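One file, target-v1.txt, carrying compact mmCIF, C-alpha atoms:
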```
# COMPACT_ATOMS: atom_id res chain seq x y z
CA MET A 1 20.14 11.52 7.67
CA VAL A 2 18.02 13.98 9.62
CA LYS A 3 14.26 13.64 9.46
CA GLY A 4 11.14 12.91 11.41
CA ASN A 5 10.84 15.55 14.10
CA THR A 6 7.87 17.47 15.41
CA THR A 7 7.58 21.20 14.99
CA ASN A 8 7.97 21.42 18.78
CA SER A 9 11.33 19.64 18.68
CA VAL A 10 13.08 21.00 15.62
CA GLN A 11 16.76 20.59 14.93
CA GLN A 12 17.71 24.19 15.54
CA HIS A 13 21.40 23.53 15.02
CA LEU A 14 20.77 23.29 11.25
CA THR A 15 20.59 26.29 8.93
CA TYR A 16 17.81 26.51 6.34
CA LYS A 17 20.31 25.55 3.60
CA GLU A 18 21.44 22.50 5.59
CA MET A 19 17.82 21.50 6.10
CA THR A 20 17.24 21.73 2.34
CA ASP A 21 20.49 19.87 1.55
CA LEU A 22 19.45 17.03 3.84
CA GLY A 23 15.75 17.06 2.95
CA CYS A 24 15.26 17.79 6.64
CA PHE A 25 11.82 19.06 7.55
CA TYR A 26 9.81 18.05 10.55
CA THR A 27 6.89 15.68 10.97
CA PRO A 28 3.89 16.95 12.96
CA GLN A 29 3.04 14.64 15.86
CA LYS A 30 -0.43 13.94 14.46
CA PHE A 31 1.17 12.17 11.48
CA VAL A 32 3.58 10.26 13.71
CA ASP A 33 0.53 9.05 15.64
CA ASN A 34 -1.33 8.21 12.42
CA LEU A 35 1.53 6.01 11.24
CA ILE A 36 1.81 4.22 14.59
CA GLU A 37 -1.94 3.59 14.58
CA LYS A 38 -1.62 1.94 11.16
CA ILE A 39 1.03 -0.38 12.61
CA LYS A 40 -1.14 -1.30 15.59
CA ILE A 41 -4.19 -2.00 13.41
CA ASN A 42 -2.44 -4.04 10.73
CA ILE A 43 0.36 -5.92 12.58
CA PRO A 44 -1.16 -8.03 15.39
CA ASP A 45 2.16 -8.96 17.03
CA PHE A 46 3.96 -5.64 16.45
CA GLU A 47 5.36 -5.75 20.03
CA LYS A 48 7.69 -8.59 18.98
CA TYR A 49 9.47 -6.49 16.34
CA TYR A 50 12.46 -4.21 16.47
CA PHE A 51 11.54 -0.69 15.35
CA LEU A 52 14.27 0.97 13.30
CA ASP A 53 14.36 4.61 12.25
CA SER A 54 17.43 4.83 10.03
CA SER A 55 17.12 8.62 9.66
CA SER A 56 15.94 9.32 13.17
CA GLY A 57 17.00 12.91 13.81
CA TYR A 58 15.98 13.72 17.40
CA GLY A 59 14.07 10.44 17.63
CA THR A 60 10.46 11.65 17.61
CA PHE A 61 9.06 8.46 16.09
CA LEU A 62 10.95 6.25 18.52
CA LYS A 63 10.00 8.29 21.58
CA SER A 64 6.37 7.66 20.61
CA LEU A 65 6.88 3.86 20.85
CA LYS A 66 7.03 3.44 24.61
CA GLY A 67 7.97 -0.02 25.90
CA LEU A 68 9.07 -1.39 22.52
CA LYS A 69 12.47 -2.34 21.10
CA THR A 70 13.61 0.81 19.30
CA ILE A 71 16.77 1.70 17.37
CA GLY A 72 17.68 5.05 15.85
CA CYS A 73 20.41 5.95 13.38
CA ASP A 74 21.48 9.28 11.93
CA ILE A 75 24.52 10.76 10.25
CA ASP A 76 24.13 13.95 12.30
CA ASP A 77 26.11 13.56 15.55
CA ILE A 78 24.45 16.56 17.20
CA ALA A 79 21.00 15.12 16.50
CA ILE A 80 22.06 11.75 17.94
CA GLU A 81 23.44 13.39 21.10
CA LYS A 82 20.15 15.21 21.55
CA ALA A 83 18.13 12.02 20.97
CA ILE A 84 20.19 10.07 23.52
CA SER A 85 19.70 12.83 26.10
CA GLU A 86 15.92 12.70 25.68
CA ASP A 87 15.32 8.98 25.10
CA SER A 88 16.84 6.40 27.44
CA GLN A 89 14.76 3.56 25.95
CA SER A 90 16.22 3.49 22.43
CA LYS A 91 19.65 2.50 21.18
CA TYR A 92 21.14 5.21 18.97
CA TYR A 93 23.97 5.01 16.45
CA CYS A 94 25.69 7.88 14.67
CA ILE A 95 26.07 6.19 11.31
CA ASN A 96 25.40 6.71 7.62
CA THR A 97 22.73 4.10 6.86
CA LEU A 98 23.19 4.49 3.09
CA ARG A 99 26.87 3.49 3.08
CA GLY A 100 28.02 -0.02 4.06
CA PHE A 101 25.10 -0.43 6.42
CA ASN A 102 23.67 -3.84 7.38
CA ARG A 103 21.98 -5.58 10.31
CA ARG A 104 25.29 -6.25 12.03
CA SER A 105 25.88 -2.49 12.12
CA ILE A 106 23.13 -2.24 14.74
CA GLN A 107 23.69 -5.65 16.39
CA LEU A 108 20.72 -7.41 14.78
CA ASP A 109 20.63 -10.90 13.25
CA ASN A 110 19.13 -12.02 9.95
CA ASP A 111 16.18 -13.66 11.70
CA ASP A 112 15.26 -10.62 13.81
CA LYS A 113 11.90 -9.11 12.86
CA ILE A 114 12.17 -5.45 11.87
CA ILE A 115 9.70 -2.65 11.21
CA VAL A 116 11.28 0.44 9.67
CA ILE A 117 9.50 3.56 10.84
CA GLY A 118 10.06 7.24 10.13
CA ASN A 119 10.09 10.01 7.59
CA PRO A 120 13.24 9.63 5.47
CA PRO A 121 14.63 12.78 3.83
CA TYR A 122 13.75 13.46 0.23
CA ASN A 123 15.82 15.82 -1.86
CA ASP A 124 15.56 15.43 -5.64
CA THR A 125 18.77 17.03 -6.90
CA THR A 126 17.28 17.31 -10.42
CA SER A 127 14.30 19.37 -9.25
CA LYS A 128 14.28 23.09 -10.02
CA VAL A 129 12.63 23.87 -6.67
CA LYS A 130 15.17 25.39 -4.23
CA ASN A 131 17.88 24.21 -6.61
CA ASP A 132 20.24 26.99 -5.54
CA LEU A 133 20.22 25.58 -1.99
CA LYS A 134 20.65 21.90 -2.72
CA ALA A 135 23.83 19.90 -2.31
CA THR A 136 24.70 17.63 -5.21
CA LYS A 137 26.41 15.13 -2.89
CA PRO A 138 24.62 15.16 0.47
CA CYS A 139 26.41 12.00 1.74
CA GLU A 140 28.28 8.90 0.61
CA ILE A 141 25.88 6.29 -0.80
CA ASP A 142 26.39 2.66 -1.87
CA SER A 143 26.28 2.26 -5.65
CA ASP A 144 23.23 -0.03 -5.53
CA LEU A 145 21.33 2.59 -3.51
CA LYS A 146 22.47 5.76 -5.24
CA THR A 147 19.78 7.70 -7.09
CA ARG A 148 18.96 11.35 -7.72
CA ASP A 149 16.75 11.46 -4.61
CA LEU A 150 17.71 10.60 -1.02
CA GLY A 151 14.21 9.32 -0.23
CA ILE A 152 14.35 6.79 -3.04
CA SER A 153 17.75 5.66 -1.80
CA PHE A 154 16.33 5.10 1.68
CA LEU A 155 13.44 2.98 0.36
CA LEU A 156 15.95 0.87 -1.56
CA SER A 157 17.99 0.48 1.63
CA TYR A 158 14.97 -1.00 3.46
CA ASN A 159 14.68 -3.67 0.80
CA LYS A 160 18.42 -4.33 1.05
CA LEU A 161 17.94 -4.97 4.79
CA SER A 162 14.98 -7.27 4.01
CA VAL A 163 12.89 -5.67 6.75
CA ASP A 164 9.44 -7.14 7.39
CA TYR A 165 7.45 -3.90 7.33
CA VAL A 166 8.12 -0.36 6.16
CA ALA A 167 6.07 2.35 7.87
CA VAL A 168 7.16 5.70 6.44
CA LEU A 169 6.10 8.97 4.88
CA HIS A 170 7.28 9.71 1.34
CA PRO A 171 6.18 11.76 -1.70
CA LEU A 172 3.37 10.04 -3.61
CA SER A 173 5.39 10.75 -6.74
CA TYR A 174 7.72 7.88 -5.76
CA MET A 175 4.84 5.56 -6.65
CA ILE A 176 2.83 7.23 -9.37
CA LYS A 177 5.60 8.55 -11.62
CA LYS A 178 6.84 5.78 -13.89
CA ALA A 179 10.49 6.91 -13.79
CA ASN A 180 10.50 6.82 -9.99
CA TYR A 181 8.73 3.45 -9.94
CA GLU A 182 11.45 2.02 -12.20
CA LEU A 183 14.17 3.34 -9.86
CA LEU A 184 12.31 1.70 -6.97
CA LYS A 185 11.64 -1.59 -8.79
CA PRO A 186 13.75 -3.60 -6.28
CA PHE A 187 11.54 -2.24 -3.49
CA TYR A 188 8.16 -2.51 -5.21
CA SER A 189 8.97 -6.04 -6.36
CA ASN A 190 9.21 -7.13 -2.73
CA TYR A 191 6.64 -5.03 -0.85
CA THR A 192 2.89 -4.53 -1.03
CA LEU A 193 0.94 -1.56 0.32
CA VAL A 194 -1.12 -2.57 3.37
CA ASP A 195 -2.54 0.78 4.47
CA HIS A 196 -2.10 4.43 3.61
CA SER A 197 -3.31 8.04 3.90
CA ILE A 198 -2.49 10.99 1.64
CA ILE A 199 -1.58 14.37 3.14
CA SER A 200 -0.34 17.69 1.77
CA SER A 201 3.30 18.75 1.97
CA GLN A 202 2.01 22.10 3.22
CA GLU A 203 1.39 20.40 6.56
CA PHE A 204 5.16 20.52 7.13
CA SER A 205 6.95 23.47 8.61
CA MET A 206 8.96 25.63 6.17
CA THR A 207 8.07 23.63 3.05
CA SER A 208 5.76 24.08 0.05
CA LYS A 209 5.06 27.73 0.51
CA THR A 210 3.07 27.78 -2.73
CA LYS A 211 1.14 24.77 -4.03
CA GLY A 212 1.52 21.62 -1.93
CA PHE A 213 2.25 18.16 -3.29
CA PRO A 214 0.85 14.84 -2.03
CA ILE A 215 2.73 12.79 0.56
CA ILE A 216 1.71 9.26 1.44
CA ILE A 217 1.71 7.90 4.99
CA ALA A 218 2.38 4.31 3.98
CA LEU A 219 2.58 0.90 5.61
CA TYR A 220 4.25 -1.71 3.39
CA LYS A 221 4.62 -5.44 4.06
CA ARG A 222 7.39 -7.60 2.63
CA ASP A 223 5.70 -9.80 0.05
CA HIS A 224 7.40 -11.17 -3.05
CA LYS A 225 4.21 -10.66 -5.06
CA GLY A 226 5.12 -6.99 -4.98
CA ILE A 227 3.04 -4.23 -6.50
CA SER A 228 2.97 -3.48 -10.23
CA PHE A 229 2.84 -0.04 -11.78
CA GLN A 230 -0.55 -0.91 -13.25
CA GLN A 231 -1.85 -1.66 -9.76
CA ILE A 232 -0.51 1.68 -8.56
CA HIS A 233 -2.12 3.42 -11.54
CA ASP A 234 -5.52 1.81 -10.90
CA MET A 235 -5.48 2.18 -7.11
CA GLN A 236 -8.08 4.17 -5.19
CA TYR A 237 -6.20 6.56 -2.89
CA LYS A 238 -7.62 7.98 0.32
CA THR A 239 -6.70 11.28 1.94
CA ILE A 240 -6.38 12.15 5.60
CA GLU A 241 -9.57 14.19 5.08
CA ASN A 242 -11.45 10.98 4.09
CA LYS A 243 -11.65 11.88 0.41
CA THR A 244 -10.78 9.40 -2.33
CA PHE A 245 -9.21 9.88 -5.75
CA THR A 246 -7.58 7.96 -8.58
CA ILE A 247 -4.79 8.86 -10.98
CA SER A 248 -6.36 6.64 -13.65
CA VAL A 249 -7.46 9.60 -15.76
CA ASP A 250 -7.01 10.61 -19.39
CA SER A 251 -3.77 12.58 -19.73
CA ILE A 252 -2.74 15.36 -22.06
CA LYS A 253 0.35 13.31 -22.97
CA ASN A 254 -1.98 11.04 -24.98
CA TYR A 255 -2.64 13.91 -27.40
CA ILE A 256 0.42 16.17 -27.63
CA SER A 257 4.16 16.25 -27.09
CA LYS A 258 5.23 17.48 -23.64
CA TYR A 259 8.92 17.85 -24.46
CA PRO A 260 11.03 19.49 -27.20
CA ARG A 261 12.40 17.59 -30.17
CA LYS A 262 16.07 18.32 -30.66
CA ASP A 263 15.90 17.62 -34.39
CA LYS A 264 13.57 20.54 -35.13
CA THR A 265 14.29 24.25 -35.58
CA PRO A 266 11.55 26.90 -35.59
CA LYS A 267 10.22 28.76 -38.64
CA GLU A 268 8.82 32.28 -38.56
CA ASP A 269 5.17 31.30 -38.13
CA ASP A 270 5.77 28.42 -35.73
CA ILE A 271 4.14 28.52 -32.30
CA LEU A 272 6.29 27.74 -29.28
CA PHE A 273 5.22 26.24 -25.97
CA PHE A 274 7.22 25.69 -22.80
CA THR A 275 8.20 22.15 -21.71
CA MET A 276 5.50 20.42 -19.67
CA ARG A 277 5.95 18.18 -16.64
CA ASP A 278 3.35 17.63 -13.95
CA ILE A 279 0.59 19.94 -12.71
CA ASN A 280 2.68 21.54 -9.98
CA ALA A 281 5.44 22.29 -12.49
CA LEU A 282 2.87 23.88 -14.80
CA ASN A 283 1.80 26.11 -11.92
CA ARG A 284 5.36 27.52 -11.82
CA SER A 285 6.23 27.54 -15.52
CA ARG A 286 5.16 29.38 -18.64
CA THR A 287 2.91 28.08 -21.43
CA PHE A 288 3.03 29.85 -24.83
CA ILE A 289 6.39 31.58 -25.39
CA GLN A 290 7.78 33.79 -28.14
CA ASP A 291 11.51 33.12 -27.89
CA TYR A 292 13.06 29.80 -28.86
CA SER A 293 15.18 27.93 -26.28
CA ASP A 294 16.10 24.38 -25.30
CA ASN A 295 12.81 24.24 -23.37
CA ALA A 296 10.67 25.24 -26.34
CA ILE A 297 8.26 22.81 -27.99
CA ILE A 298 7.51 23.61 -31.64
CA ILE A 299 3.86 22.67 -31.66
CA ASP A 300 1.88 20.84 -34.32
CA LYS A 301 -0.74 23.46 -35.23
CA SER A 302 -3.34 20.78 -35.88
CA LYS A 303 -3.15 20.17 -32.12
CA LEU A 304 -3.22 23.83 -31.10
CA ALA A 305 -6.47 23.36 -29.16
CA TYR A 306 -4.77 20.92 -26.75
CA TYR A 307 -1.94 23.38 -26.03
CA CYS A 308 -4.57 26.06 -25.43
CA TYR A 309 -6.20 23.58 -23.06
CA VAL A 310 -2.98 23.38 -21.01
CA ASP A 311 -2.66 27.16 -21.12
CA VAL A 312 -6.18 27.59 -19.71
CA PHE A 313 -5.79 24.67 -17.26
CA LYS A 314 -2.95 26.62 -15.65
CA LYS A 315 -5.44 29.36 -14.70
CA TYR A 316 -7.61 26.84 -12.83
CA ILE A 317 -4.88 25.01 -10.90
CA GLY A 318 -5.73 27.00 -7.77
CA LYS A 319 -9.09 25.21 -7.64
CA LEU A 320 -7.51 21.78 -7.90
CA PRO A 321 -7.02 19.65 -4.74
CA TYR A 322 -3.36 19.27 -3.72
CA TYR A 323 -3.39 15.51 -4.26
CA TYR A 324 -3.46 15.92 -8.05
CA GLY A 325 -0.25 17.96 -8.03
CA ASN A 326 2.15 15.25 -9.25
CA ILE A 327 0.15 13.91 -12.17
CA ASP A 328 -0.05 15.13 -15.76
CA VAL A 329 -2.62 17.66 -16.88
CA PHE A 330 -5.80 15.61 -17.33
CA LEU A 331 -8.96 16.09 -19.33
CA ASN A 332 -12.32 14.78 -20.48
CA ASN A 333 -11.48 14.72 -24.16
CA GLU A 334 -15.01 14.34 -25.49
CA GLU A 335 -16.33 17.29 -23.51
CA PHE A 336 -13.24 19.37 -24.26
CA LEU A 337 -13.53 18.87 -28.02
CA SER A 338 -17.13 20.10 -27.94
CA ILE A 339 -15.91 23.51 -26.65
CA GLN A 340 -12.33 23.64 -27.94
CA ASP A 341 -12.91 26.95 -29.76
CA VAL A 342 -13.65 28.61 -26.42
CA PHE A 343 -10.24 27.47 -25.13
CA ILE A 344 -8.47 28.75 -28.25
CA THR A 345 -10.28 32.08 -27.98
CA ASN A 346 -9.26 32.43 -24.36
CA SER A 347 -5.60 31.76 -25.13
CA VAL A 348 -5.54 34.09 -28.14
CA GLU A 349 -7.06 36.93 -26.15
CA ARG A 350 -4.41 36.51 -23.44
CA HIS A 351 -1.59 35.97 -25.97
CA PRO A 352 -2.65 38.24 -28.87
CA TRP A 353 0.56 37.63 -30.82
CA LEU A 354 -0.85 34.17 -31.62
CA LYS A 355 -3.08 35.86 -34.22
CA GLU A 356 0.05 36.49 -36.28
CA LYS A 357 0.78 32.74 -36.51
CA ASN A 358 -1.70 31.85 -39.24
CA ILE A 359 -4.16 29.92 -37.10
CA LYS A 360 -7.81 29.23 -37.86
CA TRP A 361 -10.61 28.76 -35.35
CA LYS A 362 -14.16 29.88 -34.63
CA TYR A 363 -14.24 32.79 -32.18
CA ASN A 364 -16.27 31.96 -29.05
CA ASN A 365 -15.76 33.83 -25.78
CA ASP A 366 -18.50 32.16 -23.74
CA TYR A 367 -16.07 31.47 -20.89
CA SER A 368 -18.84 30.21 -18.65
CA LEU A 369 -18.47 26.97 -20.62
CA ILE A 370 -14.86 26.68 -19.39
CA ASP A 371 -15.95 27.29 -15.80
CA GLU A 372 -18.61 24.60 -16.09
CA TYR A 373 -16.12 22.19 -17.68
CA PHE A 374 -13.50 22.52 -14.91
CA ASN A 375 -16.06 22.46 -12.09
CA LYS A 376 -17.22 19.12 -13.43
CA LEU A 377 -13.72 17.80 -14.12
CA PHE A 378 -12.47 18.75 -10.63
CA ASN A 379 -15.68 17.58 -8.92
CA LEU A 380 -16.23 21.04 -7.45
```
With the file now loaded, output its structure as structure tokens.
Amino acid sequence: MVKGNTTNSVQQHLTYKEMTDLGCFYTPQKFVDNLIEKIKINIPDFEKYYFLDSSSGYGTFLKSLKGLKTIGCDIDDIAIEKAISEDSQSKYYCINTLRGFNRRSIQLDNDDKIIVIGNPPYNDTTSKVKNDLKATKPCEIDSDLKTRDLGISFLLSYNKLSVDYVAVLHPLSYMIKKANYELLKPFYSNYTLVDHSIISSQEFSMTSKTKGFPIIIALYKRDHKGISFQQIHDMQYKTIENKTFTISVDSIKNYISKYPRKDKTPKEDDILFFTMRDINALNRSRTFIQDYSDNAIIIDKSKLAYYCYVDVFKKYIGKLPYYYGNIDVFLNNEEFLSIQDVFITNSVERHPWLKEKNIKWKYNNDYSLIDEYFNKLFNL
């Protein structure tokens, strides 16, 4: 697959649709260098390893590893021809590394030490973003590697090869979302995180034109202790800007339903709310809605304040750092409850039809309290 190229060496033979199909967007050189520096700091004898980029594109990562044993693979024959013409050091193979691929495919033995390096393509075919451009079957994939996202399949392929280290960029959501963690259980059962930095997807050319999502520059080491989801949840993450954050926060899912129940049908005075996912999805979607659909939650009116909280949270997403984009809406419940009537008032004034739904609350439009609340919650 095609990935891992600087903005100065883009694969211009691909159309925008092909780039989206393949998850093919290009890695700025500063992040290539950051990843290589992590290898040099954390692997004392890194010179003894083979470096494999199994989605090498034009070979940017490998060309940055002068004097080392480097191997590149890609399904794109034009990209491989270009890489060979620019890089006489590396061995290149035009091959699908997600289908029938093993060490023998690239003339390596089981006892050879390998560091995988690169920026594998990610393309979640279930995501609504750019869905009209995405291919449902981007390439042939072994059954034990096949998932809804190419990037997840690539991480699973590294475990299948039993490589010693994995030095790659991938969406942070592969770690912090439980469903993704479960898909990657074979990988996370055999690798621990040695070093990392978090960056924004907006750093990449032609991606994330609205709100960015967090990407991790990660160095993993093969270790059968693995990493549990609880460890991931409790971890302190660090950004490329030297800020730290944790995803171990109180979530709205602890108080309300985020998804519709198929066994319920709405009554005349019911209040409807659009399906919730993560913060970035909320930024794109609606909140309170008037027409029933498969995406409509029929809310429990005793929990109206929490749905108003989500409705108001949406207004403040622009103030939120990018690295919170893939987590659930979060809150300080104690402080929220002390001003919940202000949140309800704000939602009712912006959605006046809610007054017709037989709701009771104490009117309070001191919206400075909401500003103070979010400034504190977001550490602004």
### Pairwise distance for atom CA of Tyr255 of chain A and atom CA of Trp353 of chain A, rounded to one decimal in Å
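Going from atom CA of Tyr255 of chain A over to atom CA of Trp353 of chain A, I get 24.2 Å.
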Segment 19-125 of chain A residues near segment 160-182 of chain A within 9 Å, closest pair each, using only C-alpha atoms, as a tab-separated table:
```
residue	atom	partner	partner_atom	distance
A:Phe31	CA	A:Leu169	CA	8.8
A:Leu35	CA	A:Ala167	CA	6.7
A:Ile36	CA	A:Ala167	CA	8.2
A:Lys38	CA	A:Ala167	CA	8.4
A:Ile39	CA	A:Ala167	CA	7.4
A:Tyr49	CA	A:Asp164	CA	9.0
A:Phe101	CA	A:Leu161	CA	8.6
A:Asn102	CA	A:Leu161	CA	6.4
A:Arg103	CA	A:Leu161	CA	6.9
A:Asn110	CA	A:Ser162	CA	8.7
A:Asp112	CA	A:Val163	CA	8.9
A:Lys113	CA	A:Asp164	CA	6.3
A:Ile114	CA	A:Val163	CA	5.2
A:Ile115	CA	A:Tyr165	CA	4.7
A:Val116	CA	A:Val166	CA	4.8
A:Ile117	CA	A:Ala167	CA	4.7
A:Gly118	CA	A:Val168	CA	4.9
A:Asn119	CA	A:Leu169	CA	4.9
A:Pro120	CA	A:Leu169	CA	7.2
A:Pro121	CA	A:His170	CA	8.3
A:Tyr122	CA	A:His170	CA	7.6
```
### Nearest residue to Lys357 of chain A from the set A:Cys308, A:Ile232, A:Leu272, A:Ile216 (distances using only C-alpha atoms)
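Under the stated criterion, the closest residue is A:Leu272.
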#### Entry: Length of the atom CA of Ser347 of chain A to atom CA of Tyr309 of chain A vector [Å]
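Rounded to one decimal, the two atoms are 8.5 Å apart.
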### Message
Residues near segment 190-197 of chain A, anyone? I mean within 8 Å using all atoms listed in the file, not counting same-chain ones fewer than 5 positions away, as number ranges by chain.
### Response
A: 38, 42, 159, 216-227, 237-240
#### Entry: For Asp149 of chain A, the nearest of the candidates A:Ser293, A:Asn123, A:Gln107, A:Asn34, counting all atoms listed in the file
A:Asn123
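Near Ile370 of chain A, within a cut-off of 9 Å and counting all atoms listed in the file, sit the residues Val312, Phe336, Ile339, Val342, Phe343, Asp366, Tyr367, Ser368, Glu372, Tyr373, Phe374 and Asn375 of chain A, with same-chain residues fewer than 2 positions away left out.
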### Task
Could you check which of A:Tyr324, A:Phe274, A:Tyr316, A:Tyr292 is closest to Phe245 of chain A, using all atoms listed in the file?
A:Tyr324
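Computed from the coordinates, the atom CA of Ala83 of chain A to atom CA of Pro214 of chain A distance equals 28.9 Å.
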### Nearest residue to Asp269 of chain A from the set A:Ser64, A:Asn358, A:Ser338, A:Asn295 (distances using only C-alpha atoms)
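Residue with the minimum atom-to-atom distance to Asp269 of chain A: A:Asn358.
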### Task
Considering all atoms listed in the file, return as a list of chain:residue names whatever protein or nucleic-acid residues lie within 10 Å of Pro321 of chain A, sequence-local ones (same chain, fewer than 2 positions apart) excluded.
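Here the answer would be A:Ser200, A:Lys211, A:Gly212, A:Phe213, A:Pro214, A:Ile317, A:Gly318, A:Lys319, A:Tyr323, A:Tyr324, A:Gly325, A:Phe378, A:Asn379, A:Leu380.
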### Message
If we count all atoms listed in the file and set the cut-off at 12 Å, which residues sit around Val310 of chain A, ignoring sequence neighbours fewer than 5 positions away in its own chain? Please answer as a PyMOL selection string.
### Response
chain A and resi 251-253+255-258+273-279+282-283+285-288+303-305+315-317+328-331+336+340+343-344+346-347
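Nearest residue to Lys63 of chain A, choosing from A:Thr27, A:Ser105, A:Asn280, A:Ser88 and counting all atoms listed in the file: A:Ser88.
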Mind working out the centre and edge lengths of an axis-aligned box for segment 56-64 of chain A, all listed atoms inside, 4 Å added to each side, rounded to one decimal in Å and written as lines of an AutoDock Vina configuration file?
```
center_x = 11.7
center_y = 10.0
center_z = 17.4
size_x = 18.6
size_y = 15.5
size_z = 16.4
```
